[in-house]
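**Q** Below you'll find the structure I mean.
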Amino acid sequence: MEKKTIPNQKAVQAALLLLLFLFYLSTRLFRIGLVPKGIQIDELGSAFDAQAIAHFGVDRYLTKLPPYFKNYGGGQNALYTYSGALLFLFTDFTLAKFRLVAVAYGIAGFFCLYFLSKSVFRDTRTALAGCFLYTVLPVFIMSQRWGLESYLLLSMSFIASYSFVLAYEKEKALWYALSGFLWGITLYTYAITYIIVPLFLTLMLVYMLWLRKLSLKQAFSFSLPLVLLAAPLVLEQMVNKGLVSPCHILWSDFLPMEWYRGNEFSFKNIWRNIPDLWILFSHDSLHHNASPAFGTLYYISLPFIAAGLVLCCRQAFISLKERRFDFSILLLAYTACSLFTTLFMLEININRSNELYFSFLLFIVYSFHWILRKNKWILAGLLAVYLIFFLFFSNFYFRGEYNRTLAEGDLAFLFQPDDLGRAVKRMEDQFGEDKKIIIMANEAVDHHFQVAAYAGTSPYDYHAEDESSWIEEKNYAIGVPEELDLSGQSVYVIGSELHHITDYLVSCGFQADDVSVDRYSLVYK
């Protein structure tokens, strides 16, 4: 049982939680539009579709409110895009704003971890230690600062799991309905949840029935929102497997992807993937997922994960023997289902298995809770060590080295520099209604899609099969014209490699802004 606290102690605990939350916010919001630098290609696709959904109710392929987006042909999970669309109903697009979606879900995960830990360990200090780890561990920082949609699964793992524990504690049908809704929402974070969530919830159903802790009313309340939310995804899968013809039902179109990725899961992958599990603690080939120097959780965490797993298994064994509900069973079941799914994948990488970091963090918290009960000063020392690791990591991450690693290697193309897009948006915001925008830059030819996204192009003007079709519709031009318009009815976005054109326009009475955006001049009258 948690010790009773006097009002002053409660005030101190609330103040510590507030300070820790402010610390968390600083790690997520500092330079969020610049670190990671540029825009990742899946992030860009989601951002375009989010704007299109917000203002036109279709994606860039003119598909109406799809449950699963086409993106570049192989599909993209929907929750991040629809969350971004909700944001863009009230504000215009910038990269920093779009990345706030990841921060918002991370904030919800932060508080769900706090209250979940308080519920499980009956100790506020343990809950605060868990939130501190959530704040400073590299994988949580790196996954909650940009718009890779699959990473929402990590935050939703905390949210949905806490909702299940809360439903059990409240014993009310309404709380079970809320939990079913949140687990249904989780299905829209990442396609691997089509395996993880049904397996996990089946295990929990068997467990709750064995405990005789689930009434028919509670089961129905949980299942109804879950089934309703899962139904569109099931239909989308049936369309992709050819079992059902493409169709429009209610407000959504159900269309097949250009290529179906269901065959990426196979029993044949298991033995090959087992040695690669180390990747989850170190790094993979994608520089945006982890740094080899720090790993995903700092390498110092490995013994605490192992010890926490042992403590969790011990607690689960005791609770089963006593036939009582315990969170350790939920955690082990979720870990097993996640690990099972990971081993079936075509290959292991960090973002594909991001839900496992929910388990790894809580195993560390189990260890820290045990240490706290033995000697609080040892735990204080450990937290100080983690803070030192965080300071070294922050120096790497925020001061430029991380951005340099993104620009190197064979996969550097995954992050596009977005200076051009930001330059175009600035001109669009200032002159887009009145003047023609002429873009003169070498990279503009290869980045039609980025320019279209930052310019807020209508999906009815932009056609994915012809990436340049939107230009005339929106009164743009790309490339150096045969004759420059000196009347002032055109404005120019000019790359630094063409500075002689900028100099000429300035000599003709134009103004040049060389400061607002790197590598570009914004030239206008």
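In the structure tokens, the first chain shown is A, the next is B, and so on; residue numbers restart at 1 for each chain, and ligands run from 1 in the order shown.
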Show me, as a PDB file with C-alpha atoms, in the first residue's frame, the residues that have an atom within 12 Å of A:Ser319 when counting only C-alpha atoms, minus same-chain residues fewer than 5 positions from it.

**A**
```
ATOM      1  CA  TYR A 207      -6.834 -14.404 -17.918  1.00  0.00           C
ATOM      2  CA  LEU A 211      -9.958 -14.831 -12.474  1.00  0.00           C
ATOM      3  CA  CYS A 312       8.166  -9.184 -13.203  1.00  0.00           C
ATOM      4  CA  CYS A 313       8.100 -12.962 -13.812  1.00  0.00           C
ATOM      5  CA  ARG A 314       8.387 -13.586 -10.077  1.00  0.00           C
ATOM      6  CA  ARG A 324      -5.424 -12.371  -8.311  1.00  0.00           C
ATOM      7  CA  PHE A 325      -5.044  -9.701 -10.994  1.00  0.00           C
ATOM      8  CA  ASP A 326      -1.583  -8.231 -11.365  1.00  0.00           C
ATOM      9  CA  PHE A 327      -0.128  -5.850 -13.941  1.00  0.00           C
ATOM     10  CA  SER A 328       2.894  -8.117 -14.400  1.00  0.00           C
ATOM     11  CA  ILE A 329       0.679 -10.553 -16.333  1.00  0.00           C
ATOM     12  CA  LEU A 330      -0.448  -7.779 -18.688  1.00  0.00           C
TER      13      LEU A 330
END
```

**Q** Enumerate, as a PyMOL selection string, the complete set of residues in stretch 204-313 of chain A that a backbone-based DSSP assignment places in helix (DSSP H, G or I).

**A** chain A and resi 204-211+216-240+262-264+267-280+299-313

**Q** Considering only C-alpha atoms, give me a table of residues in stretch 112-146 of chain A that are at most 12 Å from stretch 382-399 of chain A, with the closest atom pair and distance in Å for each, as a tab-separated table.

**A**
```
residue	atom	partner	partner_atom	distance
A:Arg125	CA	A:Leu383	CA	11.9
A:Thr126	CA	A:Leu383	CA	11.5
A:Leu128	CA	A:Leu383	CA	10.9
A:Ala129	CA	A:Leu383	CA	7.7
A:Gly130	CA	A:Leu383	CA	10.2
A:Cys131	CA	A:Leu383	CA	11.4
A:Phe132	CA	A:Leu383	CA	8.2
A:Leu133	CA	A:Tyr386	CA	8.0
A:Tyr134	CA	A:Tyr386	CA	11.3
A:Thr135	CA	A:Phe390	CA	9.4
A:Val136	CA	A:Phe390	CA	5.8
A:Leu137	CA	A:Phe390	CA	7.3
A:Pro138	CA	A:Phe393	CA	7.5
A:Val139	CA	A:Phe393	CA	11.1
A:Phe140	CA	A:Phe390	CA	11.8
A:Ile141	CA	A:Tyr397	CA	9.6
A:Met142	CA	A:Tyr397	CA	8.8
A:Arg145	CA	A:Tyr397	CA	11.6
```

**Q** For A:Phe98, which residue among A:Thr335, A:Ser46, A:Asn375, A:Thr202 is the nearest when counting only C-alpha atoms?

**A** A:Ser46

**Q** For a test of reading the model, state the distance in Å between atom CA of A:Ser26 and atom CA of A:Gly308, rounded to one decimal.

**A** 28.8 Å

**Q** Give me the residues near A:Leu498 as a VMD selection string, where near means some atom within 10 Å (using only C-alpha atoms) and where sequence neighbours in that chain fewer than 5 positions away do not count.

**A** chain A and resid 440 to 442 480 503 520 to 521

**Q** Those residues you just picked out, can you put them in a file as a short mmCIF file (atom, residue, chain, number, x, y, z; two decimals), in the first residue's frame with N, CA, C and O atoms?

**A**
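And here is the file that came out, selection.cif:
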```cif
data_model
loop_
_atom_site.label_atom_id
_atom_site.label_comp_id
_atom_site.auth_asym_id
_atom_site.auth_seq_id
_atom_site.Cartn_x
_atom_site.Cartn_y
_atom_site.Cartn_z
N MET A 440 13.49 29.25 -58.80
CA MET A 440 14.70 28.98 -59.57
C MET A 440 15.73 28.34 -58.65
O MET A 440 16.38 29.03 -57.85
N ALA A 441 15.82 27.02 -58.71
CA ALA A 441 16.76 26.28 -57.87
C ALA A 441 16.97 24.90 -58.48
O ALA A 441 16.01 24.29 -58.97
N ASN A 442 18.18 24.42 -58.44
CA ASN A 442 18.48 23.12 -59.05
C ASN A 442 17.67 22.00 -58.44
O ASN A 442 17.19 21.10 -59.13
N VAL A 480 14.38 28.59 -64.65
CA VAL A 480 14.74 29.96 -65.04
C VAL A 480 13.96 30.33 -66.30
O VAL A 480 14.07 29.67 -67.32
N ASP A 503 21.25 39.12 -57.70
CA ASP A 503 21.94 40.42 -57.79
C ASP A 503 21.33 41.28 -58.90
O ASP A 503 21.14 42.50 -58.72
N TYR A 520 18.56 30.05 -49.76
CA TYR A 520 17.61 30.65 -50.71
C TYR A 520 17.47 32.14 -50.46
O TYR A 520 17.55 32.62 -49.33
N SER A 521 17.23 32.85 -51.55
CA SER A 521 16.88 34.27 -51.47
C SER A 521 15.42 34.42 -51.86
O SER A 521 14.96 33.80 -52.83
#
```

**Q** From the set A:Arg28, A:Arg122, A:Lys268, A:Lys10, which residue has the shortest atom-to-atom contact distance to A:His369, counting only C-alpha atoms?

**A**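 Answer, going by the shortest atom-to-atom distance: A:Arg122.
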
**Q** For atom CA of A:Gly488 and atom CA of A:Val517, determine how far apart the two atoms are, in Å to one decimal place.

**A**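 It comes out at 21.3 Å.
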
**Q** Find the distance between atom CA of A:Met345 and atom CA of A:Glu264 and write it in Å to one decimal.

**A**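 Distance between the two atoms: 6.0 Å.
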
**Q** Do you know which residues are at most 8 Å from A:Ser252 counting only C-alpha atoms, after dropping those on the same chain fewer than 2 positions away, and could you put them as number ranges by chain?

**A** A: 63-67, 248-250, 254

**Q** For the selection you just gave me, I'd like the residues written to a file as a PDB file, in the first residue's frame, keeping C-alpha atoms.

**A**
```
ATOM      1  CA  THR A  63      -9.500   8.751 -51.887  1.00  0.00           C
ATOM      2  CA  LYS A  64     -12.228   9.729 -49.425  1.00  0.00           C
ATOM      3  CA  LEU A  65     -11.288   9.329 -45.748  1.00  0.00           C
ATOM      4  CA  PRO A  66      -9.367   6.054 -46.173  1.00  0.00           C
ATOM      5  CA  PRO A  67      -8.787   3.846 -43.109  1.00  0.00           C
ATOM      6  CA  HIS A 248     -17.313   3.065 -50.845  1.00  0.00           C
ATOM      7  CA  ILE A 249     -19.145   2.578 -47.534  1.00  0.00           C
ATOM      8  CA  LEU A 250     -20.532   5.425 -45.478  1.00  0.00           C
ATOM      9  CA  PHE A 254     -11.785   1.087 -49.565  1.00  0.00           C
TER      10      PHE A 254
END
```

**Q** Step one, run DSSP on the backbone; step two, keep only residues of stretch 220-427 of chain A assigned to strand (DSSP E or B); then write them as a ChimeraX atom specification.

**A** /A:247-249,252-254,291,295,415-416

**Q** Suppose we keep C-alpha atoms; can you now write the selection as a PDB file, in the first residue's frame?

**A**
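Done, and the output landed in result-v5.pdb:
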```pdb
ATOM      1  CA  CYS A 247     -16.037  -0.091 -52.520  1.00  0.00           C
ATOM      2  CA  HIS A 248     -17.313   3.065 -50.845  1.00  0.00           C
ATOM      3  CA  ILE A 249     -19.145   2.578 -47.534  1.00  0.00           C
ATOM      4  CA  SER A 252     -14.782   6.084 -46.711  1.00  0.00           C
ATOM      5  CA  ASP A 253     -13.283   4.576 -49.849  1.00  0.00           C
ATOM      6  CA  PHE A 254     -11.785   1.087 -49.565  1.00  0.00           C
ATOM      7  CA  SER A 291      22.971   6.281 -32.360  1.00  0.00           C
ATOM      8  CA  GLY A 295      21.988   2.779 -28.098  1.00  0.00           C
ATOM      9  CA  PHE A 415      15.429  12.943 -45.175  1.00  0.00           C
ATOM     10  CA  GLN A 416      15.047  15.737 -47.703  1.00  0.00           C
TER      11      GLN A 416
END
```

**Q** Find the residues around A:Leu203 up to 12 Å (only C-alpha atoms counted), leave out those fewer than 2 positions away in its own chain, and share them as a list in words.

**A**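 After dropping sequence-adjacent residues, the list is Ile196, Val197, Pro198, Leu199, Phe200, Leu201, Leu205, Val206, Tyr207, Met208, Leu209, Trp210, Ile329, Leu330, Leu331, Leu332, Ala333, Tyr334, Thr335, Ala336 and Cys337 of chain A.
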
**Q** Have a look at A:Val103, A:Leu44, A:Ile159, A:Leu255 and name the one nearest to A:Glu236; count only C-alpha atoms.

**A** A:Leu255

**Q** Within 12 Å of A:His287, counting only C-alpha atoms, which residues qualify if same-chain residues fewer than 6 places away don't, as a PDB file with N, CA, C and O atoms, in the first residue's frame?

**A**
```pdb
ATOM      1  N   PRO A  36      14.904  16.461 -36.058  1.00  0.00           N
ATOM      2  CA  PRO A  36      15.776  16.196 -37.200  1.00  0.00           C
ATOM      3  C   PRO A  36      15.639  17.277 -38.276  1.00  0.00           C
ATOM      4  O   PRO A  36      14.549  17.821 -38.490  1.00  0.00           O
ATOM      5  N   GLN A  40      11.390  13.841 -43.473  1.00  0.00           N
ATOM      6  CA  GLN A  40      11.507  12.456 -43.934  1.00  0.00           C
ATOM      7  C   GLN A  40      10.407  12.169 -44.958  1.00  0.00           C
ATOM      8  O   GLN A  40       9.320  12.735 -44.900  1.00  0.00           O
ATOM      9  N   VAL A 139      15.589   6.551 -27.210  1.00  0.00           N
ATOM     10  CA  VAL A 139      14.556   6.105 -28.146  1.00  0.00           C
ATOM     11  C   VAL A 139      13.261   6.890 -27.964  1.00  0.00           C
ATOM     12  O   VAL A 139      12.528   7.143 -28.928  1.00  0.00           O
ATOM     13  N   MET A 142      14.012  10.460 -29.523  1.00  0.00           N
ATOM     14  CA  MET A 142      14.155  10.440 -30.974  1.00  0.00           C
ATOM     15  C   MET A 142      12.855  10.059 -31.683  1.00  0.00           C
ATOM     16  O   MET A 142      12.641  10.436 -32.831  1.00  0.00           O
ATOM     17  N   SER A 143      11.987   9.319 -31.025  1.00  0.00           N
ATOM     18  CA  SER A 143      10.738   8.887 -31.660  1.00  0.00           C
ATOM     19  C   SER A 143       9.600   9.882 -31.484  1.00  0.00           C
ATOM     20  O   SER A 143       8.613   9.825 -32.220  1.00  0.00           O
ATOM     21  N   ALA A 293      26.567   5.035 -30.520  1.00  0.00           N
ATOM     22  CA  ALA A 293      27.299   5.410 -29.313  1.00  0.00           C
ATOM     23  C   ALA A 293      26.450   5.305 -28.051  1.00  0.00           C
ATOM     24  O   ALA A 293      26.961   5.006 -26.971  1.00  0.00           O
ATOM     25  N   GLY A 295      23.011   3.800 -28.080  1.00  0.00           N
ATOM     26  CA  GLY A 295      21.988   2.779 -28.098  1.00  0.00           C
ATOM     27  C   GLY A 295      20.602   3.390 -27.976  1.00  0.00           C
ATOM     28  O   GLY A 295      20.428   4.611 -27.973  1.00  0.00           O
ATOM     29  N   THR A 296      19.617   2.544 -27.838  1.00  0.00           N
ATOM     30  CA  THR A 296      18.242   3.031 -27.745  1.00  0.00           C
ATOM     31  C   THR A 296      17.867   3.440 -26.321  1.00  0.00           C
ATOM     32  O   THR A 296      17.024   4.309 -26.112  1.00  0.00           O
ATOM     33  N   ASN A 349      13.952  -3.862 -37.314  1.00  0.00           N
ATOM     34  CA  ASN A 349      14.539  -2.558 -37.058  1.00  0.00           C
ATOM     35  C   ASN A 349      13.782  -1.898 -35.913  1.00  0.00           C
ATOM     36  O   ASN A 349      12.764  -2.418 -35.450  1.00  0.00           O
ATOM     37  N   ILE A 350      14.279  -0.782 -35.456  1.00  0.00           N
ATOM     38  CA  ILE A 350      13.804  -0.196 -34.206  1.00  0.00           C
ATOM     39  C   ILE A 350      12.385   0.327 -34.323  1.00  0.00           C
ATOM     40  O   ILE A 350      11.546   0.071 -33.451  1.00  0.00           O
ATOM     41  N   ASN A 351      12.075   1.059 -35.395  1.00  0.00           N
ATOM     42  CA  ASN A 351      10.722   1.621 -35.471  1.00  0.00           C
ATOM     43  C   ASN A 351       9.675   0.543 -35.715  1.00  0.00           C
ATOM     44  O   ASN A 351       8.530   0.684 -35.311  1.00  0.00           O
ATOM     45  N   TYR A 397      22.811  15.129 -29.967  1.00  0.00           N
ATOM     46  CA  TYR A 397      21.542  15.214 -30.692  1.00  0.00           C
ATOM     47  C   TYR A 397      21.204  16.639 -31.113  1.00  0.00           C
ATOM     48  O   TYR A 397      20.799  16.887 -32.259  1.00  0.00           O
ATOM     49  N   GLU A 401      25.609  17.094 -34.532  1.00  0.00           N
ATOM     50  CA  GLU A 401      26.187  15.822 -34.957  1.00  0.00           C
ATOM     51  C   GLU A 401      25.120  14.860 -35.467  1.00  0.00           C
ATOM     52  O   GLU A 401      25.318  14.150 -36.457  1.00  0.00           O
ATOM     53  N   TYR A 402      23.985  14.837 -34.793  1.00  0.00           N
ATOM     54  CA  TYR A 402      22.887  13.955 -35.226  1.00  0.00           C
ATOM     55  C   TYR A 402      22.417  14.331 -36.626  1.00  0.00           C
ATOM     56  O   TYR A 402      22.246  13.462 -37.490  1.00  0.00           O
ATOM     57  N   ASN A 403      22.208  15.616 -36.874  1.00  0.00           N
ATOM     58  CA  ASN A 403      21.784  16.040 -38.208  1.00  0.00           C
ATOM     59  C   ASN A 403      22.824  15.697 -39.270  1.00  0.00           C
ATOM     60  O   ASN A 403      22.476  15.359 -40.408  1.00  0.00           O
ATOM     61  N   ARG A 404      24.092  15.743 -38.900  1.00  0.00           N
ATOM     62  CA  ARG A 404      25.128  15.362 -39.866  1.00  0.00           C
ATOM     63  C   ARG A 404      25.049  13.884 -40.204  1.00  0.00           C
ATOM     64  O   ARG A 404      25.270  13.487 -41.355  1.00  0.00           O
ATOM     65  N   THR A 405      24.732  13.053 -39.218  1.00  0.00           N
ATOM     66  CA  THR A 405      24.628  11.617 -39.505  1.00  0.00           C
ATOM     67  C   THR A 405      23.456  11.325 -40.438  1.00  0.00           C
ATOM     68  O   THR A 405      23.514  10.387 -41.232  1.00  0.00           O
ATOM     69  N   LEU A 406      22.391  12.131 -40.343  1.00  0.00           N
ATOM     70  CA  LEU A 406      21.250  11.927 -41.233  1.00  0.00           C
ATOM     71  C   LEU A 406      21.610  12.214 -42.684  1.00  0.00           C
ATOM     72  O   LEU A 406      21.014  11.638 -43.603  1.00  0.00           O
ATOM     73  N   ALA A 407      22.548  13.104 -42.886  1.00  0.00           N
ATOM     74  CA  ALA A 407      22.932  13.509 -44.241  1.00  0.00           C
ATOM     75  C   ALA A 407      23.993  12.593 -44.847  1.00  0.00           C
ATOM     76  O   ALA A 407      24.409  12.791 -45.984  1.00  0.00           O
ATOM     77  N   GLU A 408      24.419  11.576 -44.081  1.00  0.00           N
ATOM     78  CA  GLU A 408      25.468  10.679 -44.553  1.00  0.00           C
ATOM     79  C   GLU A 408      24.910   9.283 -44.797  1.00  0.00           C
ATOM     80  O   GLU A 408      23.841   8.941 -44.324  1.00  0.00           O
ATOM     81  N   GLY A 409      25.626   8.486 -45.543  1.00  0.00           N
ATOM     82  CA  GLY A 409      25.280   7.089 -45.726  1.00  0.00           C
ATOM     83  C   GLY A 409      24.335   6.850 -46.887  1.00  0.00           C
ATOM     84  O   GLY A 409      23.840   7.765 -47.545  1.00  0.00           O
ATOM     85  N   ASP A 410      24.055   5.562 -47.116  1.00  0.00           N
ATOM     86  CA  ASP A 410      23.256   5.146 -48.267  1.00  0.00           C
ATOM     87  C   ASP A 410      21.790   5.553 -48.149  1.00  0.00           C
ATOM     88  O   ASP A 410      21.087   5.622 -49.147  1.00  0.00           O
ATOM     89  N   LEU A 411      21.317   5.787 -46.923  1.00  0.00           N
ATOM     90  CA  LEU A 411      19.896   6.085 -46.719  1.00  0.00           C
ATOM     91  C   LEU A 411      19.654   7.565 -46.436  1.00  0.00           C
ATOM     92  O   LEU A 411      18.603   7.934 -45.918  1.00  0.00           O
ATOM     93  N   ALA A 412      20.614   8.398 -46.794  1.00  0.00           N
ATOM     94  CA  ALA A 412      20.464   9.838 -46.553  1.00  0.00           C
ATOM     95  C   ALA A 412      19.282  10.420 -47.315  1.00  0.00           C
ATOM     96  O   ALA A 412      18.701  11.435 -46.903  1.00  0.00           O
ATOM     97  N   PHE A 413      18.880   9.764 -48.420  1.00  0.00           N
ATOM     98  CA  PHE A 413      17.762  10.278 -49.217  1.00  0.00           C
ATOM     99  C   PHE A 413      16.445  10.255 -48.454  1.00  0.00           C
ATOM    100  O   PHE A 413      15.471  10.910 -48.862  1.00  0.00           O
ATOM    101  N   LEU A 414      16.370   9.512 -47.354  1.00  0.00           N
ATOM    102  CA  LEU A 414      15.118   9.421 -46.611  1.00  0.00           C
ATOM    103  C   LEU A 414      14.717  10.759 -46.004  1.00  0.00           C
ATOM    104  O   LEU A 414      13.534  11.028 -45.803  1.00  0.00           O
ATOM    105  N   PHE A 415      15.707  11.602 -45.679  1.00  0.00           N
ATOM    106  CA  PHE A 415      15.429  12.943 -45.175  1.00  0.00           C
ATOM    107  C   PHE A 415      15.797  13.963 -46.243  1.00  0.00           C
ATOM    108  O   PHE A 415      16.959  14.076 -46.620  1.00  0.00           O
TER     109      PHE A 415
END
```

**Q** So which one's closest to A:Leu362, A:Ala455, A:Leu309, A:Ala15, A:Ile279? Using only C-alpha atoms, please.

**A**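 Distance minimum relative to A:Leu362 lands on A:Leu309.
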
**Q** Can you tell me which residues surround A:Ala173 at a distance of at most 9 Å, considering only C-alpha atoms, apart from same-chain residues fewer than 6 positions away, and format the answer as a PyMOL selection string?

**A** chain A and resi 167+217-222

**Q** Using the selection just defined, write its residues with N, CA and C atoms as a PDB file, in the first residue's frame.

**A**
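Ended up saving to part.pdb:
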```
ATOM      1  N   ALA A 167      -9.769   0.421 -16.086  1.00  0.00           N
ATOM      2  CA  ALA A 167     -11.075  -0.237 -16.215  1.00  0.00           C
ATOM      3  C   ALA A 167     -11.232  -1.344 -15.175  1.00  0.00           C
ATOM      4  N   LYS A 217     -21.434  -7.781 -19.232  1.00  0.00           N
ATOM      5  CA  LYS A 217     -21.633  -6.371 -19.557  1.00  0.00           C
ATOM      6  C   LYS A 217     -20.306  -5.671 -19.800  1.00  0.00           C
ATOM      7  N   GLN A 218     -19.319  -5.954 -18.962  1.00  0.00           N
ATOM      8  CA  GLN A 218     -18.004  -5.345 -19.141  1.00  0.00           C
ATOM      9  C   GLN A 218     -17.355  -5.807 -20.442  1.00  0.00           C
ATOM     10  N   ALA A 219     -17.462  -7.093 -20.740  1.00  0.00           N
ATOM     11  CA  ALA A 219     -16.878  -7.637 -21.967  1.00  0.00           C
ATOM     12  C   ALA A 219     -17.530  -7.012 -23.197  1.00  0.00           C
ATOM     13  N   PHE A 220     -18.831  -6.868 -23.157  1.00  0.00           N
ATOM     14  CA  PHE A 220     -19.541  -6.262 -24.290  1.00  0.00           C
ATOM     15  C   PHE A 220     -19.154  -4.789 -24.452  1.00  0.00           C
ATOM     16  N   SER A 221     -19.066  -4.093 -23.323  1.00  0.00           N
ATOM     17  CA  SER A 221     -18.708  -2.668 -23.361  1.00  0.00           C
ATOM     18  C   SER A 221     -17.312  -2.476 -23.946  1.00  0.00           C
ATOM     19  N   PHE A 222     -16.404  -3.371 -23.622  1.00  0.00           N
ATOM     20  CA  PHE A 222     -15.047  -3.292 -24.159  1.00  0.00           C
ATOM     21  C   PHE A 222     -15.032  -3.649 -25.648  1.00  0.00           C
TER      22      PHE A 222
END
```
